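Enquirer: Sharing a structure with you now.
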Amino acid sequence: MIRTVQTRAARAIPFYYGWVILGLSGVASYSSRPLMSVAVLTVFVVPMSEQFGWTRAQVAGAVSLGGVVGVVAAPLVGPILDRYGAGMVVGISSGIAGLCAVALGAVNHIWLFYLLYVPGRMVFASPLELGTSVAVSNWFIRRRPFALALNHVSQGSGLAVMPLVAQAIIGAWGWDTAWYALGAWTVAVGVVPAMLLMARRPEDLGLEPDGGRRGAAEDRRRSSARRPQSAQDEINFTLRQATRTRAFWLMVLFSFASFIVQAGVSLHQVPHFLDQGVPASVAVWTASTFAISQVPASIFWSAVSQRTAARYVMLGSGLVVSCGAITTAFASEIAFGVFGAFILGFGVGGLHIIGRLVWADYFGRQHLGAIRAWGLAAQVGGQALGPITAGLTVDRVGSYQGAFLAFGINLAVVSLLMLFAVRPGRAAADGEQQTNAAG
């Protein structure tokens with residue numbers, strides 16, 4: 001019945017149904033995903049810790065534990081996406097995140113906080129990230145960088161707005177009301193549309209990726225492109241074939257190292273400045289700057305990805321994130337902190353774009369969920385390790401500087417290794433000796 005609804009909707013609208021998929025993914029990325037992000041949790045850390053006497057490491061531990069559960073869940077979710085599509089995954093995950101947030105408004109013990117935040121963080125880290133990005137990648141090939149950029153603009157906008165909304169509600173009515181309001185909003189907009197209208201792939205509805213082939217003039221330039229331009233250009237790997245390539249393991253390593261920085265710094269950036277005497281109403285702007293800078297970054301890195309080999313984009317975005325972490329480590333004034341947050345967010349925007357783009361471009365759509373799940377598991381593992389490491393550091397030495405600095409230096413070294421992450425050729429997919437595509 002759902003397939004019938006989707007088919008009729010695709011035939012009824014006067015434009016390519018992939019834009020509907022992108023819109024549904026954008027709604028989830030704007031509302032459901034930011035809800036359990038560290039950018040939102042960072043504004044709850046101080047009021048909840050002060051009321052209940054929790055340490056920073058205890059709060060960060062919930063983020064890390066949720067990430068660990070997400071690492072386990074990702075390889076399980078990937079094959080489900082490949083077989084059934086993203087609709088049920090995104091809808092159910094949005095419902096879980098929203099209901100967990102509503103319940104968080106009533107917590108009064110750390111174990112209860114863990115009981116509710118961990119599953120919410122798990123669906124943020126794994127099913128929602130994997131579901132929205134795989135859905136977009138399945139419906140677009142030539143326009144994939146642009147479509148993924150638009151999807152990330154939605155996510156970046158949500159990450160920018162939601163901390164400000166949360167802080168405003170906390171200031172007026174308390175942190176508990178903030179959790180109630182944000183959770184109810186997520187349930188209202190994130191569940192039914194995704195479950196009803198989000199189809200798996202265009203071929204399921206008798207359509208072609210991107211809404212059809214390009215013009216002849218563009219087709220003649222396809223052979224010189226640095227990434228696939230149509231379904232005929234794709235090289236579809238199985239998970240087993242992908243794991244035999246050097247690029248797969250380098251990309252896994254990059255995902256792990258880069259998202260240690262993303263989560264480890266962004267969760268603690270507001271407390272970092274609160275510890276230095278900056279008022280909460282001012283310090284929150286670091287979180288919002290970090291988020292909003294990802295919006296123009298998405299457009300920038302998307303344009304770069306169209307013209308530049310993916311390994312160079314990974315190198316560039318990784319080095320920018322590294323600079324942002326090091327800048328934040330030495331920032332003691334809010335102006336310098338906002339500058340560091342902008343650099344960090346601009347680089348993270350690149351991480352999100354290239355992380356979602358490169359897996360589909362390198363290994364194709366047919367088994368994308370199963371393959372990208374392992375890269376996402378590494379990403380979530382980094383997001384789990386970063387916050388708890390920074391939290392333990394500040395609890396022991398009273399400063400985040402050492403942790404932020406170590407994160408940045410480590411990522412700079414790993415980013416240089418991405419020069420060797422070349423795109424596998426067709427021979428690798430056939431199980432023969434790996435050859436490399438142009439770029």
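All residue names refer to the structure tokens as shown: chains lettered A, B, ... in order, residues numbered from 1 in each chain, ligands numbered from 1 in order.
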Can I get the residues of stretch 96-177 of chain A within 12 Å of stretch 258-276 of chain A, each with the closest pair of atoms and their distance in Å to one decimal, using only C-alpha atoms, sorted chain first then ascending number, as a tab-separated table?

Expert:
residue	atom	partner	partner_atom	distance
A:Ala125	CA	A:Ala263	CA	11.0
A:Leu159	CA	A:Ser266	CA	11.3
A:Pro163	CA	A:Val270	CA	10.9
A:Gln167	CA	A:Val270	CA	11.7

Enquirer: Under the rule that only C-alpha atoms are counted, which of A:Val123, A:Val189, A:Val252, A:Ala172 is the nearest residue to A:Ala377?

Expert: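 Checking each candidate against A:Ala377, we get A:Val252 as the closest.
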
Enquirer: Pick from A:Glu208, A:Glu129, A:Glu333, A:Asp361: nearest to A:Ser305, with only C-alpha atoms counted?

Expert: A:Asp361

Enquirer: Between A:Gln232, A:Ser288, A:Gln306, A:Gln379, which has the minimum distance to A:Gly337 (counting only C-alpha atoms)?

Expert: A:Ser288

Enquirer: List as a ChimeraX atom specification the protein and nucleic acid residues near A:Pro119, meaning an atom at most 8 Å away when only C-alpha atoms are counted, but skip any in the same chain fewer than 5 places from it.

Expert: /A:66,69,96-97,100

Enquirer: Quick one: everything within 9 Å of A:Ser126, counting only C-alpha atoms, minus sequence neighbours fewer than 6 positions away in the same chain. Send it as a ChimeraX atom specification.

Expert: /A:67,69-71,73-74,77,373,376-377,380

Enquirer: Keeping only all heavy atoms, write the selected residues to a file as an mmCIF file, in the first residue's frame.

Expert:
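Okay, part.cif is ready:
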data_model
loop_
_atom_site.group_PDB
_atom_site.id
_atom_site.type_symbol
_atom_site.label_atom_id
_atom_site.label_comp_id
_atom_site.auth_asym_id
_atom_site.auth_seq_id
_atom_site.Cartn_x
_atom_site.Cartn_y
_atom_site.Cartn_z
ATOM 1 N N GLY A 67 27.080 6.514 21.571
ATOM 2 C CA GLY A 67 27.882 6.279 20.387
ATOM 3 C C GLY A 67 28.305 4.836 20.251
ATOM 4 O O GLY A 67 28.303 4.272 19.152
ATOM 5 N N VAL A 69 26.728 2.214 21.375
ATOM 6 C CA VAL A 69 25.547 1.470 20.928
ATOM 7 C C VAL A 69 25.297 1.725 19.441
ATOM 8 O O VAL A 69 24.912 0.820 18.685
ATOM 9 C CB VAL A 69 24.316 1.857 21.766
ATOM 10 C CG1 VAL A 69 23.075 1.109 21.267
ATOM 11 C CG2 VAL A 69 24.548 1.549 23.238
ATOM 12 N N GLY A 70 25.545 2.976 19.009
ATOM 13 C CA GLY A 70 25.405 3.304 17.599
ATOM 14 C C GLY A 70 26.378 2.552 16.722
ATOM 15 O O GLY A 70 26.056 2.173 15.590
ATOM 16 N N VAL A 71 27.602 2.336 17.231
ATOM 17 C CA VAL A 71 28.593 1.556 16.495
ATOM 18 C C VAL A 71 28.065 0.151 16.236
ATOM 19 O O VAL A 71 28.207 -0.410 15.144
ATOM 20 C CB VAL A 71 29.923 1.503 17.273
ATOM 21 C CG1 VAL A 71 30.870 0.474 16.657
ATOM 22 C CG2 VAL A 71 30.580 2.874 17.306
ATOM 23 N N ALA A 73 24.871 -0.711 16.228
ATOM 24 C CA ALA A 73 23.640 -0.669 15.444
ATOM 25 C C ALA A 73 23.893 -0.420 13.963
ATOM 26 O O ALA A 73 23.149 -0.929 13.109
ATOM 27 C CB ALA A 73 22.713 0.410 16.001
ATOM 28 N N ALA A 74 24.929 0.359 13.632
ATOM 29 C CA ALA A 74 25.144 0.765 12.238
ATOM 30 C C ALA A 74 25.227 -0.411 11.265
ATOM 31 O O ALA A 74 24.541 -0.412 10.223
ATOM 32 C CB ALA A 74 26.383 1.646 12.139
ATOM 33 N N VAL A 77 21.746 -1.746 10.686
ATOM 34 C CA VAL A 77 20.812 -0.868 9.981
ATOM 35 C C VAL A 77 21.118 -0.825 8.488
ATOM 36 O O VAL A 77 20.208 -0.760 7.658
ATOM 37 C CB VAL A 77 20.861 0.553 10.586
ATOM 38 C CG1 VAL A 77 20.017 1.522 9.761
ATOM 39 C CG2 VAL A 77 20.367 0.526 12.029
ATOM 40 N N ALA A 373 27.750 1.747 6.450
ATOM 41 C CA ALA A 373 27.516 1.468 7.865
ATOM 42 C C ALA A 373 28.823 1.285 8.618
ATOM 43 O O ALA A 373 28.939 1.687 9.785
ATOM 44 C CB ALA A 373 26.637 0.228 8.020
ATOM 45 N N LEU A 376 30.327 4.638 9.052
ATOM 46 C CA LEU A 376 29.567 5.342 10.074
ATOM 47 C C LEU A 376 29.892 4.795 11.456
ATOM 48 O O LEU A 376 29.942 5.555 12.435
ATOM 49 C CB LEU A 376 28.068 5.202 9.787
ATOM 50 C CG LEU A 376 27.150 5.928 10.772
ATOM 51 C CD1 LEU A 376 27.407 7.426 10.750
ATOM 52 C CD2 LEU A 376 25.685 5.645 10.445
ATOM 53 N N ALA A 377 30.107 3.486 11.567
ATOM 54 C CA ALA A 377 30.485 2.917 12.861
ATOM 55 C C ALA A 377 31.786 3.544 13.360
ATOM 56 O O ALA A 377 31.933 3.853 14.551
ATOM 57 C CB ALA A 377 30.631 1.401 12.747
ATOM 58 N N VAL A 380 30.943 7.136 14.460
ATOM 59 C CA VAL A 380 30.258 7.141 15.750
ATOM 60 C C VAL A 380 31.217 6.754 16.871
ATOM 61 O O VAL A 380 31.135 7.283 17.989
ATOM 62 C CB VAL A 380 29.040 6.201 15.712
ATOM 63 C CG1 VAL A 380 28.390 6.092 17.082
ATOM 64 C CG2 VAL A 380 28.023 6.700 14.693
#

Enquirer: Need to verify the contact set: A:Val192, 10 Å, only C-alpha atoms, exclusion of same-chain residues closer than 4 positions in sequence. Can you return it as a list in words?

Expert: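 Contacts, with the query itself left out: Gly87, Met88, Val90, Gly91, Ile92, Ser94, Gly95, Val187, Ala188, Leu196 and Leu197 of chain A.
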
Enquirer: For the residues selected in the previous step, produce a file with C-alpha atoms as a short mmCIF file (atom, residue, chain, number, x, y, z; two decimals), in the first residue's frame.

Expert:
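Result file follows (part07.cif):
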data_model
loop_
_atom_site.label_atom_id
_atom_site.label_comp_id
_atom_site.auth_asym_id
_atom_site.auth_seq_id
_atom_site.Cartn_x
_atom_site.Cartn_y
_atom_site.Cartn_z
CA GLY A 87 11.31 5.53 5.22
CA MET A 88 10.63 3.23 8.16
CA VAL A 90 13.91 7.51 9.55
CA GLY A 91 10.31 7.62 10.82
CA ILE A 92 10.80 5.19 13.70
CA SER A 94 12.54 10.25 14.73
CA GLY A 95 9.84 8.93 17.04
CA VAL A 187 7.59 13.69 16.98
CA ALA A 188 5.12 16.01 15.25
CA LEU A 196 4.60 7.22 4.14
CA LEU A 197 6.50 8.92 1.30
#

Enquirer: Show which residues sit within 10 Å of A:Ser399, as a list in words. Count only C-alpha atoms, and ignore same-chain residues fewer than 4 positions away.

Expert: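 Listed by chain and then number, they are His272, Asp275, Gln276, Ala329, Ala390, Gly391, Leu392, Thr393, Val394, Asp395, Ala403 and Phe404 of chain A.
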
Enquirer: Would you save the residues from that selection as a tab-separated table (two decimals), in the first residue's frame, using all heavy atoms?

Expert:
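Once everything was written out, this is part30.tsv:
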chain	number	residue	atom	x	y	z
A	272	HIS	N	33.67	25.10	28.14
A	272	HIS	CA	35.05	25.62	28.08
A	272	HIS	C	35.07	27.13	28.36
A	272	HIS	O	35.94	27.62	29.10
A	272	HIS	CB	35.62	25.33	26.69
A	272	HIS	CG	36.96	25.94	26.42
A	272	HIS	ND1	38.08	25.65	27.18
A	272	HIS	CD2	37.37	26.83	25.47
A	272	HIS	CE1	39.12	26.32	26.69
A	272	HIS	NE2	38.71	27.05	25.67
A	275	ASP	N	33.72	28.05	32.04
A	275	ASP	CA	34.77	27.89	33.04
A	275	ASP	C	35.70	29.10	33.11
A	275	ASP	O	36.39	29.30	34.10
A	275	ASP	CB	35.61	26.64	32.73
A	275	ASP	CG	34.84	25.34	32.96
A	275	ASP	OD1	33.78	25.40	33.62
A	275	ASP	OD2	35.30	24.29	32.49
A	276	GLN	N	35.71	29.90	32.04
A	276	GLN	CA	36.56	31.08	32.01
A	276	GLN	C	35.79	32.36	32.29
A	276	GLN	O	36.28	33.46	32.04
A	276	GLN	CB	37.28	31.16	30.66
A	276	GLN	CG	38.16	29.94	30.41
A	276	GLN	CD	38.83	29.96	29.05
A	276	GLN	OE1	39.79	30.70	28.84
A	276	GLN	NE2	38.32	29.16	28.12
A	329	ALA	N	41.36	25.53	21.52
A	329	ALA	CA	42.17	25.15	22.68
A	329	ALA	C	42.83	26.35	23.33
A	329	ALA	O	42.94	26.43	24.56
A	329	ALA	CB	43.23	24.13	22.26
A	390	ALA	N	37.61	14.34	26.57
A	390	ALA	CA	37.67	15.74	26.99
A	390	ALA	C	37.08	15.92	28.39
A	390	ALA	O	37.60	16.70	29.20
A	390	ALA	CB	36.94	16.61	25.98
A	391	GLY	N	35.99	15.20	28.69
A	391	GLY	CA	35.38	15.31	30.01
A	391	GLY	C	36.30	14.82	31.11
A	391	GLY	O	36.41	15.46	32.17
A	392	LEU	N	36.96	13.70	30.90
A	392	LEU	CA	37.90	13.18	31.88
A	392	LEU	C	39.09	14.12	32.05
A	392	LEU	O	39.61	14.31	33.17
A	392	LEU	CB	38.39	11.79	31.47
A	392	LEU	CG	37.36	10.66	31.57
A	392	LEU	CD1	37.91	9.39	30.94
A	392	LEU	CD2	36.96	10.41	33.02
A	393	THR	N	39.52	14.74	30.95
A	393	THR	CA	40.65	15.67	31.02
A	393	THR	C	40.33	16.86	31.90
A	393	THR	O	41.11	17.25	32.78
A	393	THR	CB	41.04	16.15	29.61
A	393	THR	OG1	41.43	15.03	28.82
A	393	THR	CG2	42.19	17.14	29.67
A	394	VAL	N	39.16	17.49	31.69
A	394	VAL	CA	38.83	18.67	32.48
A	394	VAL	C	38.56	18.31	33.94
A	394	VAL	O	38.87	19.08	34.86
A	394	VAL	CB	37.63	19.42	31.87
A	394	VAL	CG1	36.31	18.68	32.11
A	394	VAL	CG2	37.54	20.84	32.42
A	395	ASP	N	38.01	17.13	34.19
A	395	ASP	CA	37.78	16.71	35.58
A	395	ASP	C	39.09	16.49	36.32
A	395	ASP	O	39.17	16.70	37.53
A	395	ASP	CB	36.94	15.43	35.62
A	395	ASP	CG	35.48	15.68	35.27
A	395	ASP	OD1	35.05	16.85	35.30
A	395	ASP	OD2	34.77	14.71	34.95
A	403	ALA	N	43.30	18.37	25.78
A	403	ALA	CA	42.51	17.44	24.97
A	403	ALA	C	42.24	18.02	23.58
A	403	ALA	O	42.40	17.33	22.56
A	403	ALA	CB	41.19	17.14	25.68
A	404	PHE	N	41.83	19.30	23.51
A	404	PHE	CA	41.54	19.91	22.22
A	404	PHE	C	42.78	19.94	21.33
A	404	PHE	O	42.71	19.71	20.13
A	404	PHE	CB	41.01	21.34	22.42
A	404	PHE	CG	39.64	21.43	23.04
A	404	PHE	CD1	39.09	22.66	23.35
A	404	PHE	CD2	38.90	20.28	23.32
A	404	PHE	CE1	37.83	22.76	23.92
A	404	PHE	CE2	37.64	20.37	23.89
A	404	PHE	CZ	37.10	21.61	24.19

Enquirer: When DSSP works through the backbone of this structure, what residues of stretch 37-215 of chain A end up as helix (DSSP H, G or I), shown as a PyMOL selection string?

Expert: chain A and resi 38-52+56-84+87-104+110-139+144-173+175-190+192-197+202-205+209-211

Enquirer: So how far away is atom CA of A:Ala199 from atom CA of A:Leu24, in Å?

Expert: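 Interatomic distance, atom CA of A:Leu24 to atom CA of A:Ala199: 10.4 Å.
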
Enquirer: Fewer than 3 positions away in the same chain doesn't count, so skip those; otherwise give me all residues within 10 Å of A:Leu253, counting only C-alpha atoms, as a VMD selection string.

Expert: chain A and resid 247 to 250 256 to 258 375 378 to 379 382 411 414 to 415 417 to 418

Enquirer: Calculate how many Å separate atom CA of A:Trp179 from atom CA of A:Ser25, rounding to one decimal.

Expert: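 One can read the atom CA of A:Trp179 to atom CA of A:Ser25 distance as 22.8 Å.
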
Enquirer: Which one is closest to A:Val68: A:Met122, A:Ile371, A:Ile2, A:Met162? Count only C-alpha atoms.

Expert: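 So, comparing all the options, the nearest one is A:Met122.
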
Enquirer: Hey, could you make a per-residue contact list for stretch 75-140 of chain A against stretch 19-22 of chain A with 8 Å as the cut-off, showing the nearest pair of atoms and its distance in Å to one decimal, counting only C-alpha atoms, sorted by chain and number, as CSV?

Expert:
residue,atom,partner,partner_atom,distance
A:Ala135,CA,A:Ile21,CA,7.1
A:Val136,CA,A:Leu22,CA,5.9
A:Trp139,CA,A:Ile21,CA,7.8

Enquirer: One decimal, in Å: what's the spacing between atom CA of A:Ala86 and atom CA of A:Leu130?

Expert: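 Taking atom CA of A:Ala86 and atom CA of A:Leu130, their separation equals 8.5 Å.
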
Enquirer: In terms of the shortest atom-to-atom distance over only C-alpha atoms, which of A:Pro296, A:Pro424, A:Gly183, A:Gly158 is closest to A:Tyr117?

Expert: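 Checking each candidate against A:Tyr117, we get A:Gly183 as the closest.
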
Enquirer: Select from stretch 121-205 of chain A every residue with an atom at most 12 Å from any atom of stretch 352-357 of chain A, then for each give the shortest pair of atoms and their distance in Å to one decimal, using only C-alpha atoms, rows by chain and rising number, as a Markdown table.

Expert:
| residue | atom | partner | partner_atom | distance |
| --- | --- | --- | --- | --- |
| A:Glu129 | CA | A:Arg356 | CA | 9.3 |
| A:Leu130 | CA | A:Arg356 | CA | 8.8 |
| A:Gly131 | CA | A:Arg356 | CA | 11.0 |
| A:Thr132 | CA | A:Arg356 | CA | 9.8 |
| A:Ser133 | CA | A:Arg356 | CA | 6.2 |
| A:Val134 | CA | A:Arg356 | CA | 7.9 |
| A:Ala135 | CA | A:Arg356 | CA | 10.7 |
| A:Val136 | CA | A:Arg356 | CA | 9.4 |
| A:Ser137 | CA | A:Leu357 | CA | 7.5 |
| A:Asn138 | CA | A:Leu357 | CA | 10.9 |
| A:Phe140 | CA | A:Leu357 | CA | 10.5 |
| A:Ile141 | CA | A:Leu357 | CA | 9.6 |
| A:Arg142 | CA | A:Leu357 | CA | 11.1 |
| A:Arg143 | CA | A:Leu357 | CA | 10.7 |
| A:Arg144 | CA | A:Leu357 | CA | 7.2 |
| A:Pro145 | CA | A:Leu357 | CA | 6.6 |
| A:Phe146 | CA | A:Ile353 | CA | 9.5 |
| A:Ala147 | CA | A:Ile353 | CA | 9.9 |
| A:Leu148 | CA | A:Ile353 | CA | 6.5 |
| A:Ala149 | CA | A:Ile353 | CA | 6.4 |
| A:Leu150 | CA | A:Ile353 | CA | 9.9 |
| A:Asn151 | CA | A:Ile353 | CA | 9.4 |
| A:His152 | CA | A:Ile353 | CA | 7.4 |
| A:Val153 | CA | A:Ile353 | CA | 10.2 |
| A:Gln155 | CA | A:His352 | CA | 10.2 |
| A:Gly156 | CA | A:His352 | CA | 10.3 |
